[in-house]
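> Below is the file my_file.pdb, with PDB, C-alpha atoms, pLDDT in the B column.
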ATOM      1  CA  MET A  17       0.000   0.000   0.000  1.00 54.00           C
ATOM      2  CA  LYS A  18       2.875   2.354   0.834  1.00 52.00           C
ATOM      3  CA  LYS A  19       4.337   1.744  -2.632  1.00 52.00           C
ATOM      4  CA  ILE A  20       1.053   2.651  -4.321  1.00 50.00           C
ATOM      5  CA  ILE A  21       0.677   5.855  -2.301  1.00 48.00           C
ATOM      6  CA  CYS A  22       4.304   6.780  -2.962  1.00 49.00           C
ATOM      7  CA  ALA A  23       3.842   6.218  -6.724  1.00 47.00           C
ATOM      8  CA  LEU A  24       0.705   8.400  -6.738  1.00 45.00           C
ATOM      9  CA  VAL A  25       2.471  11.216  -4.868  1.00 49.00           C
ATOM     10  CA  ILE A  26       5.381  11.125  -7.333  1.00 54.00           C
ATOM     11  CA  ALA A  27       3.001  11.102 -10.318  1.00 52.00           C
ATOM     12  CA  LEU A  28       1.037  14.093  -8.959  1.00 48.00           C
ATOM     13  CA  ALA A  29       4.190  16.027  -8.137  1.00 51.00           C
ATOM     14  CA  THR A  30       5.553  15.398 -11.599  1.00 50.00           C
ATOM     15  CA  HIS A  31       2.256  16.446 -13.175  1.00 48.00           C
ATOM     16  CA  PHE A  32       2.087  19.745 -11.281  1.00 48.00           C
ATOM     17  CA  SER A  33       5.774  20.571 -11.865  1.00 47.00           C
ATOM     18  CA  TYR A  34       5.130  20.502 -15.655  1.00 48.00           C
ATOM     19  CA  ALA A  35       1.758  22.276 -15.446  1.00 48.00           C
ATOM     20  CA  ASP A  36       3.405  25.700 -15.793  1.00 50.00           C
ATOM     21  CA  GLU A  37       4.941  24.870 -19.173  1.00 56.00           C
ATOM     22  CA  THR A  38       3.265  26.170 -22.305  1.00 59.00           C
ATOM     23  CA  PRO A  39       1.664  23.280 -24.128  1.00 59.00           C
ATOM     24  CA  GLN A  40       3.281  22.432 -27.445  1.00 60.00           C
ATOM     25  CA  PRO A  41       0.996  21.961 -30.424  1.00 60.00           C
ATOM     26  CA  ARG A  42       0.677  18.339 -31.400  1.00 56.00           C
ATOM     27  CA  ILE A  43       1.050  17.628 -35.087  1.00 55.00           C
ATOM     28  CA  SER A  44      -0.932  14.716 -36.389  1.00 50.00           C
ATOM     29  CA  ILE A  45      -0.784  13.623 -40.008  1.00 51.00           C
ATOM     30  CA  PHE A  46      -3.516  11.430 -41.422  1.00 55.00           C
ATOM     31  CA  SER A  47      -3.366  10.382 -45.022  1.00 55.00           C
ATOM     32  CA  THR A  48      -6.633   9.675 -46.792  1.00 53.00           C
ATOM     33  CA  SER A  49      -4.655   7.440 -49.131  1.00 53.00           C
ATOM     34  CA  THR A  50      -4.657   4.811 -46.426  1.00 64.00           C
ATOM     35  CA  ASP A  51      -8.240   3.953 -47.339  1.00 74.00           C
ATOM     36  CA  TRP A  52      -9.318   5.757 -50.504  1.00 77.00           C
ATOM     37  CA  GLU A  53     -11.829   3.034 -51.216  1.00 82.00           C
ATOM     38  CA  ALA A  54     -13.721   3.926 -48.038  1.00 83.00           C
ATOM     39  CA  VAL A  55     -13.367   7.680 -48.605  1.00 82.00           C
ATOM     40  CA  THR A  56     -14.525   7.637 -52.243  1.00 86.00           C
ATOM     41  CA  GLY A  57     -16.646   4.511 -52.498  1.00 91.00           C
ATOM     42  CA  LEU A  58     -14.556   3.518 -55.536  1.00 91.00           C
ATOM     43  CA  THR A  59     -12.544   0.317 -55.894  1.00 92.00           C
ATOM     44  CA  LEU A  60      -8.740   0.368 -56.026  1.00 92.00           C
ATOM     45  CA  SER A  61      -7.110  -1.215 -59.063  1.00 93.00           C
ATOM     46  CA  GLU A  62      -3.462  -1.785 -59.882  1.00 94.00           C
ATOM     47  CA  TYR A  63      -1.899   0.129 -62.776  1.00 94.00           C
ATOM     48  CA  ARG A  64       1.472  -0.414 -64.411  1.00 93.00           C
ATOM     49  CA  GLY A  65       3.398   2.401 -66.036  1.00 92.00           C
ATOM     50  CA  THR A  66       6.000   2.163 -68.777  1.00 91.00           C
ATOM     51  CA  PHE A  67       8.212   4.991 -69.950  1.00 91.00           C
ATOM     52  CA  ILE A  68       9.094   6.382 -73.355  1.00 90.00           C
ATOM     53  CA  PRO A  69      12.565   7.895 -72.831  1.00 89.00           C
ATOM     54  CA  ASP A  70      13.580  11.371 -73.927  1.00 89.00           C
ATOM     55  CA  SER A  71      17.347  11.740 -74.388  1.00 86.00           C
ATOM     56  CA  LYS A  72      17.312  15.453 -73.442  1.00 89.00           C
ATOM     57  CA  LEU A  73      15.647  14.673 -70.112  1.00 90.00           C
ATOM     58  CA  VAL A  74      17.237  11.302 -69.323  1.00 90.00           C
ATOM     59  CA  LYS A  75      20.897  12.241 -70.023  1.00 89.00           C
ATOM     60  CA  LYS A  76      23.106   9.669 -68.202  1.00 86.00           C
ATOM     61  CA  GLY A  77      20.100   8.232 -66.394  1.00 90.00           C
ATOM     62  CA  LEU A  78      16.989   9.443 -64.642  1.00 91.00           C
ATOM     63  CA  VAL A  79      15.819   8.156 -61.255  1.00 92.00           C
ATOM     64  CA  LEU A  80      12.101   8.774 -60.699  1.00 93.00           C
ATOM     65  CA  TYR A  81      10.263   8.431 -57.389  1.00 93.00           C
ATOM     66  CA  TYR A  82       6.482   8.429 -57.688  1.00 94.00           C
ATOM     67  CA  LEU A  83       4.802  11.063 -55.498  1.00 93.00           C
ATOM     68  CA  ASP A  84       1.482   9.849 -54.094  1.00 89.00           C
ATOM     69  CA  GLY A  85      -1.486  11.956 -55.116  1.00 87.00           C
ATOM     70  CA  PHE A  86      -5.159  11.411 -55.764  1.00 86.00           C
ATOM     71  CA  PRO A  87      -6.365   9.206 -57.397  1.00 88.00           C
ATOM     72  CA  CYS A  88      -3.312   6.953 -56.849  1.00 90.00           C
ATOM     73  CA  TYR A  89      -0.656   5.873 -54.404  1.00 87.00           C
ATOM     74  CA  GLY A  90       2.517   3.899 -54.979  1.00 89.00           C
ATOM     75  CA  LEU A  91       2.935   0.181 -54.395  1.00 89.00           C
ATOM     76  CA  GLY A  92       6.119  -0.978 -52.710  1.00 83.00           C
ATOM     77  CA  ALA A  93       9.331  -1.074 -54.706  1.00 79.00           C
ATOM     78  CA  GLY A  94       7.406  -0.046 -57.831  1.00 84.00           C
ATOM     79  CA  VAL A  95       7.561   3.628 -56.866  1.00 90.00           C
ATOM     80  CA  ARG A  96      11.262   3.968 -57.832  1.00 90.00           C
ATOM     81  CA  VAL A  97      12.081   3.653 -61.501  1.00 90.00           C
ATOM     82  CA  TRP A  98      15.343   4.208 -63.337  1.00 90.00           C
ATOM     83  CA  VAL A  99      15.211   5.212 -66.990  1.00 91.00           C
ATOM     84  CA  GLY A 100      18.543   4.904 -68.726  1.00 88.00           C
ATOM     85  CA  PRO A 101      20.033   6.388 -71.864  1.00 82.00           C
ATOM     86  CA  ASN A 102      19.201   4.718 -75.188  1.00 76.00           C
ATOM     87  CA  GLY A 103      15.974   3.252 -73.801  1.00 68.00           C
ATOM     88  CA  GLN A 104      17.671   1.094 -71.148  1.00 69.00           C
ATOM     89  CA  ASN A 105      14.782   0.435 -68.807  1.00 68.00           C
ATOM     90  CA  HIS A 106      13.357  -2.790 -67.505  1.00 67.00           C
ATOM     91  CA  GLU A 107      11.516  -1.283 -64.571  1.00 81.00           C
ATOM     92  CA  HIS A 108       7.859  -0.343 -64.387  1.00 89.00           C
ATOM     93  CA  LEU A 109       5.862   1.959 -62.177  1.00 93.00           C
ATOM     94  CA  HIS A 110       3.333   0.121 -59.975  1.00 94.00           C
ATOM     95  CA  ILE A 111       0.512   2.158 -58.445  1.00 93.00           C
ATOM     96  CA  ALA A 112      -2.966   1.560 -57.022  1.00 92.00           C
ATOM     97  CA  CYS A 113      -5.700   3.949 -58.136  1.00 92.00           C
ATOM     98  CA  VAL A 114      -9.421   4.477 -57.654  1.00 91.00           C
ATOM     99  CA  ALA A 115      -9.486   5.935 -61.202  1.00 91.00           C
ATOM    100  CA  ALA A 116      -6.966   6.141 -64.036  1.00 91.00           C
ATOM    101  CA  PRO A 117      -4.730   9.198 -63.540  1.00 93.00           C
ATOM    102  CA  THR A 118      -4.468  11.892 -66.203  1.00 93.00           C
ATOM    103  CA  GLU A 119      -1.102  13.151 -64.937  1.00 94.00           C
ATOM    104  CA  ILE A 120       1.514  11.917 -62.557  1.00 94.00           C
ATOM    105  CA  LYS A 121       4.249  13.556 -60.458  1.00 96.00           C
ATOM    106  CA  PHE A 122       7.722  12.321 -59.664  1.00 96.00           C
ATOM    107  CA  ALA A 123      10.672  13.490 -57.619  1.00 94.00           C
ATOM    108  CA  TYR A 124      13.668  13.150 -59.929  1.00 94.00           C
ATOM    109  CA  LEU A 125      17.417  12.868 -59.971  1.00 92.00           C
ATOM    110  CA  HIS A 126      19.854  12.614 -62.887  1.00 91.00           C
ATOM    111  CA  ALA A 127      22.008   9.678 -61.893  1.00 88.00           C
ATOM    112  CA  SER A 128      23.169   6.195 -62.750  1.00 82.00           C
ATOM    113  CA  ARG A 129      21.036   3.169 -61.964  1.00 77.00           C
ATOM    114  CA  ASP A 130      22.561   2.502 -58.507  1.00 75.00           C
ATOM    115  CA  ALA A 131      22.135   6.007 -57.050  1.00 73.00           C
ATOM    116  CA  ASP A 132      19.842   4.998 -54.172  1.00 69.00           C
ATOM    117  CA  ASP A 133      21.008   7.301 -51.394  1.00 72.00           C
ATOM    118  CA  GLU A 134      21.193  10.576 -53.252  1.00 82.00           C
ATOM    119  CA  THR A 135      18.746  13.417 -52.707  1.00 89.00           C
ATOM    120  CA  THR A 136      16.381  14.210 -55.542  1.00 91.00           C
ATOM    121  CA  THR A 137      16.502  17.544 -57.358  1.00 91.00           C
ATOM    122  CA  GLY A 138      12.877  18.550 -57.723  1.00 94.00           C
ATOM    123  CA  ILE A 139       9.573  17.615 -59.290  1.00 95.00           C
ATOM    124  CA  ILE A 140       8.462  16.485 -62.756  1.00 96.00           C
ATOM    125  CA  THR A 141       4.815  16.397 -63.854  1.00 96.00           C
ATOM    126  CA  CYS A 142       3.913  14.097 -66.726  1.00 96.00           C
ATOM    127  CA  PRO A 143       0.707  13.582 -68.697  1.00 96.00           C
ATOM    128  CA  ILE A 144      -0.526  10.000 -68.937  1.00 93.00           C
ATOM    129  CA  SER A 145      -1.904   8.067 -71.851  1.00 88.00           C
ATOM    130  CA  ASP A 146      -3.584   4.867 -70.815  1.00 80.00           C
ATOM    131  CA  LYS A 147      -4.819   1.644 -72.293  1.00 84.00           C
ATOM    132  CA  GLY A 148      -6.808   0.102 -69.481  1.00 87.00           C
ATOM    133  CA  HIS A 149      -4.448  -0.608 -66.616  1.00 92.00           C
ATOM    134  CA  ASP A 150      -1.309  -0.021 -68.693  1.00 93.00           C
ATOM    135  CA  LEU A 151      -0.127   3.581 -68.462  1.00 94.00           C
ATOM    136  CA  THR A 152       2.374   5.159 -70.828  1.00 93.00           C
ATOM    137  CA  ILE A 153       4.531   8.045 -69.653  1.00 94.00           C
ATOM    138  CA  ASP A 154       6.208   9.889 -72.541  1.00 94.00           C
ATOM    139  CA  LEU A 155       9.083  11.738 -70.865  1.00 94.00           C
ATOM    140  CA  SER A 156       9.340  14.218 -73.770  1.00 94.00           C
ATOM    141  CA  LYS A 157       5.927  15.600 -72.700  1.00 96.00           C
ATOM    142  CA  CYS A 158       6.817  16.035 -69.016  1.00 96.00           C
ATOM    143  CA  GLU A 159       7.191  19.443 -67.404  1.00 96.00           C
ATOM    144  CA  ILE A 160      10.088  20.018 -65.034  1.00 94.00           C
ATOM    145  CA  GLY A 161       8.896  21.932 -61.989  1.00 93.00           C
ATOM    146  CA  PRO A 162      10.810  23.877 -59.387  1.00 91.00           C
ATOM    147  CA  ASP A 163      13.800  22.442 -57.555  1.00 92.00           C
ATOM    148  CA  TRP A 164      13.246  21.665 -53.877  1.00 92.00           C
ATOM    149  CA  GLN A 165      15.267  24.724 -52.826  1.00 91.00           C
ATOM    150  CA  GLU A 166      12.656  26.953 -54.501  1.00 91.00           C
ATOM    151  CA  TYR A 167       9.948  25.677 -52.118  1.00 83.00           C
ATOM    152  CA  LYS A 168      11.516  27.423 -49.117  1.00 77.00           C
TER     153      LYS A 168
END
Output the file's structure as structure tokens, nothing else.


Amino acid sequence: MKKIICALVIALATHFSYADETPQPRISIFSTSTDWEAVTGLTLSEYRGTFIPDSKLVKKGLVLYYLDGFPCYGLGAGVRVWVGPNGQNHEHLHIACVAAPTEIKFAYLHASRDADDETTTGIITCPISDKGHDLTIDLSKCEIGPDWQEYK
């Protein structure tokens, strides 16, 4: 019994000693992409994207990281794609969508295939042409957006 009373006294003392501090705002992030089926009433389907390279954009290689955005989110390892010079590309984008996207956004980096730990440069927005669940991304039609430093 003494141990319980002692623990309660310590807990109350600790509580009142911090009561004078200004409360810090609590940031909570909830992504609706966790259950877009429930939010929209639409069914998720898997889409696969292939790329048509553009030598001016690809250069020595282009690493693309899919940026989640309605109506789609990325699926596992299929959100990182490397497009190489001369059409060297055996990777495909894998996303789940409640509707076929009309455009898609990527974080990008000009780098060789194995550049996993490097920071991306900025954002690229690309229009999509689709044939059912097969999406085609023509890199010559993509628009390079601002670099990350410009978002400050």

> With all atoms listed in the file counted, which protein, DNA or RNA residues have an atom no more than 8 Å from (-3.1, 0.1, -62.1) in the file frame? Please answer as a PyMOL selection string.

chain A and resi 61-65+110-113+116+149-151

> Of the candidates A:Leu60, A:Ala54, A:Ile68, A:Leu83, which shows the shortest atom-to-atom distance to Ser145 in chain A, using only C-alpha atoms?

A:Ile68

> Return as a VMD selection string the set of residues that the PyMOL selection byres ((chain A and resi 157) around 12) yields on the displayed structure.

chain A and resid 67 to 70 72 to 73 119 to 120 140 to 145 152 to 156 158 to 160

> Report as a list in words the full result of the PyMOL selection byres ((chain A and resi 130) around 12) when it is applied to this structure.

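What the PyMOL selection byres ((chain A and resi 130) around 12) grabs from the file is Gly77, Leu78, Val79, Arg96, Val97, Trp98, Val99, Gly100, Leu125, His126, Ala127, Ser128, Arg129, Ala131, Asp132, Asp133 and Glu134 of chain A.
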
> Between CA of Lys147 in chain A and CA of Thr118 in chain A, what distance in Å does the model show, to one decimal?

11.9 Å

> Measure the distance from CA of Glu107 in chain A to CA of Tyr167 in chain A in Å and round it to one decimal.

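About the pair CA of Glu107 in chain A and CA of Tyr167 in chain A: they are 29.7 Å apart.
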
> When you draw a straight line from CA of Pro101 in chain A to CA of Thr135 in chain A, how long is it in Å?

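Value for the CA of Pro101 in chain A-CA of Thr135 in chain A distance: 20.4 Å.
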
> Here is a test: counting all atoms listed in the file, which residue of A:Gly92, A:Val74, A:Asp146, A:Thr137 is nearest to Glu166 in chain A?

A:Thr137

> Apply the PyMOL selection byres ((chain A and resi 164) around 9) to the structure shown and report the selected residues as a VMD selection string.

chain A and resid 136 to 139 162 to 163 165 to 168
